[in-house]
Structure formats: structure tokens, C-alpha cells
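**Student:** Structure provided below as C-alpha cells; questions to follow.
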Amino acid sequence: MNSATGDGGESLTVHQWLRHLAPDYWQRFGSAMPGRQRQVLKKILACRTPALGGQLFQCPACPGFDYRYHSCNDRHCPQCGQTDADAWLARQRARLLLPVPYFLVTFTVPEELRRLIRSHQQIALDLLFAGSAQALQDLAGNPRRLGAQLGMLGVLHTWSRTLIFHPHVHYLIPGGGLSPDGRRWVPARPKFLLHVKALGAHFRTLFKARLQKEHPDLFAQVPAKVWQRHWNVDSRPSGSGENALRYLARYVFKTATANRKVQRLPGGQLRWDYRESKTGQPASLTLEPLEWMARFLQHILPRSFARVRTFGWLHPAAKVRANRVRALLGQQPLLTPAEEHTWNPPADPDLEPPDGETVVASCAPLCPRCQHVMRWVGAWRPGQPMLYPKRPP
């Protein structure tokens, strides 16, 4: 692996490279691929192709027509999820952002643990969430520290900027907490939440205890030096929390990378561009195409694994405490769907267009020839014959 220095060669999006490299990857590694990776890769390869069905639009002013193929909507797909991410971001802004300073706290694990975690993701990543969240609450609840319960939004990332397996959890945390009696908002010190060395040590202790008790067979595979090392925790002020929340939203509905361009060099390798995390300077490395694909696929999570979790008074089951916090900070309470329906009843359905017409009008493309809004002709589902436009006589 070397830094890329040359230019030239074709440039394709991440999704295009996955489709281009998949046949060779299947042939060489298909029998050794985990079933979950095979399943997700098949969905990604079919994304926005006729295989998943689609809709046909025809221009009323000229013979032009246009296909809109359906998306796979898999959370690992590099070209899906932007609409969902925008909606998620809007929801989190409404319920999470309060008039207090925020902190972004990141928990990582020693390198010697990464292979074990990658091989036993369901178990180990759950422990990563549980141990880090408890470490935060234990230290914050100590009267000699903050003396309050935190509300936390946690988002799991498993990748570094070079796509290696590097599991870590980011927590976006309002700078303060709810007092034990629920009567006061306890603000954190300016630009300081909790001591990171104490957090790292407590996180290590909790992770070790849970792994040893619940999974002794896996605990036996961990080198002893892992429990003697310092476990890194990073905590930094995040202002209003808006920028950090926007950063986290980018990868809630996709994995490791957006659908950006990746260049193939004259020698056949792919150049992966990134920014150094410490300096912020642009950098790049070269990877063999199938190695690049393997790096992407290793970040596929177990089925139904929750990458985003909330804790403390931000947990869905803690609505009373969340609204207590909001009241103490002078904010409107959060409403359940039933309460919102009571306060904001839906409009008269007789005054609104049918659902089908609304959907079609919202997604109808413009004709590439004459720029008229195209007319929806029909749709087909996966496995059904593809629709074709009727040609004028």
C-alpha cells in the first residue's frame, strides 16, 4: 500500500466500482464470503436497475420517455438513504437540540481487539455500546463530577478514513444533565464534560467484566496486554451540536462512504482520497481493486443491528424525564403521535389529492429534450416484465 502520486485512468462512483468488480470478487472469494455480505452485496448491485422494478414516464409534448428504477434502500448502499438521512436529521434537530452547549465524545478500542470484534460483531458491538454508555452515566452521576444523568445519542462507525475496520462510537451529548431528584438542570463546565482518562479506564473495566462474565470463550482469545493498555476516549466541545449532528447523519443510512468518485490509476490500482484526521490535510493511498472492495464489504453489519441508540433521558422510554429537561430549559414538550394528532388534526381528505397522484407528481422528471414535466405511464415490481413506452403510429 503506497501513496498515490499519478493521474490518469477512469473514474467511477463507489457503486459503479462495486458493480464492475463484483463478478471477479464473486469468482475468487464467493465461497468464503459470510452469508450476510453476499445478501447485502446482491441488493446493492441490483439497486436502481430494472431488477428491482421501477416507473416509466413519458413526455406529453415529444416522444421522450424516462425510466426511474427503484432503490434497494439497504442501509449499506452508497447511493441510497439521502432522503432518509435528511428526514432523520430534521427529527433529531426537533427532539435533541436544546439551548445548551454540546459535546462530541468518541470511544475507541485497542487495535488488538478489532479482529475479535469483526468476527463477533453482534456480541462485541453491543458490548461497545453498553460499556461506553454506562461509563458515561457512571462518571456523570458521581456527585464529585457532574452529579446528574446525561441524555446521549450514540452512533456506531466501524471504519477509518482509509476504510480499515476501526469500530468506535460517537456520542452527541447536551452539556449538562438532570439532577437525581429531577428538579434541576445541572450545567456542565464551559468546554468540559468529563475526564477522558477516567472514562477510558472505566470503559475498559466494564467491557472486560461483561465479556468475561457473558462470553468467557471470547474473553480467553483477548491478549492480556489489552486490559493493561490505555483505552482512548476523545471529548470535545461541539457548540450548538448542529454540525456534529449533520456529520453523524451522513452515515446513519449508508456505510463507510458516500457514492463519490474513485479513480483507477494507469497500473490498475484504485486511488482512495481522504483527509488526515490529525492535520486535516488531503491524502491518498492506492489499493488493489479487490482489496478496496473487501474493505468496503467488511463494514456490513449484522441484520437488524441498531447503529443508532439513545440513552438516559433521551431514550424513547424516558419521555417524562425528557420533557422535564425541556421544561427546565424553557422548551416545548415532545408530543406522541396521538398527541400531535389531537393538537394538529389532519386536513380534510376531500381537499387533498389521492396518494398515488401526490407521489407521481412529486417524482415526475423533466423531459431531457423539451423540459416539460413528464407523465407517469406505469410501474413494474421486481420479477415482473419491464414496461416499455408505446411508440406513436
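Just remember, in the C-alpha cells the first chain shown is A, the second B, etc., residues are 1-based per chain, and ligands are 1-based in the order shown.
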So that each row is one residue of stretch 79-132 of chain A with an atom at most 12 Å from stretch 313-320 of chain A, can you give its shortest atom pair and the distance in Å to one decimal, using only C-alpha atoms, rows by chain and rising number, as a tab-separated table?
**Tutor:**
```
residue	atom	partner	partner_atom	distance
A:Gln92	CA	A:Leu314	CA	10.7
A:Arg95	CA	A:Leu314	CA	8.6
A:Leu96	CA	A:Leu314	CA	7.7
A:Leu97	CA	A:Leu314	CA	11.1
A:Leu98	CA	A:Leu314	CA	11.8
```
**Student:** Do a neighbour search on stretch 174-183 of chain A at 6 Å with only C-alpha atoms, toss out local chain neighbours closer than 6 positions, and write the hits as a list in words.
**Tutor:**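 Residues near the query, excluding close chain neighbours: Pro101, Tyr102, Ala148, Gln149 and Leu150 of chain A.
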**Student:** Residues within 8 Å of A:Pro78, please, as a count of residues only. Count only C-alpha atoms; anything in the same chain fewer than 4 positions from it doesn't count.
**Tutor:** 7
**Student:** How would you write, as a ChimeraX atom specification, the set of residues in stretch 139-203 of chain A that DSSP gives as strand (DSSP E)?
**Tutor:** /A:151-159,165-174,176-178,185-187
**Student:** Which residues are near A:Arg19? Cut-off 10 Å, only C-alpha atoms, ignore same chain within fewer than 5 positions. Put them as a list of chain:residue names.
**Tutor:**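 Near A:Arg19, the qualifying residues are A:Thr13, A:Val14, A:Leu41, A:Lys42, A:Ile44, A:Leu45, A:Ala46.
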**Student:** By how many Å are atom CA of A:Gln58 and atom CA of A:Cys367 apart?
**Tutor:**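 These atoms are spaced 8.1 Å apart.
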**Student:** Ranking A:Pro167, A:Pro190, A:Pro216, A:Gly267 by minimum distance to A:Arg115 and counting only C-alpha atoms, which one comes first?
**Tutor:**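 Ranked by minimum distance to A:Arg115, first place goes to A:Pro167.
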**Student:** Which polymer residues have any atom within 10 Å of an atom of stretch 287-301 of chain A, counting only C-alpha atoms, with same-chain residues fewer than 4 positions away left out, as number ranges by chain?
**Tutor:** A: 1-4, 14, 17-18, 20-22, 24-25, 28-29, 33-34, 36-38, 40-41, 75-77, 118-119, 121-122, 125, 157-159, 162-167, 254-257, 264-265, 267-272, 305-307
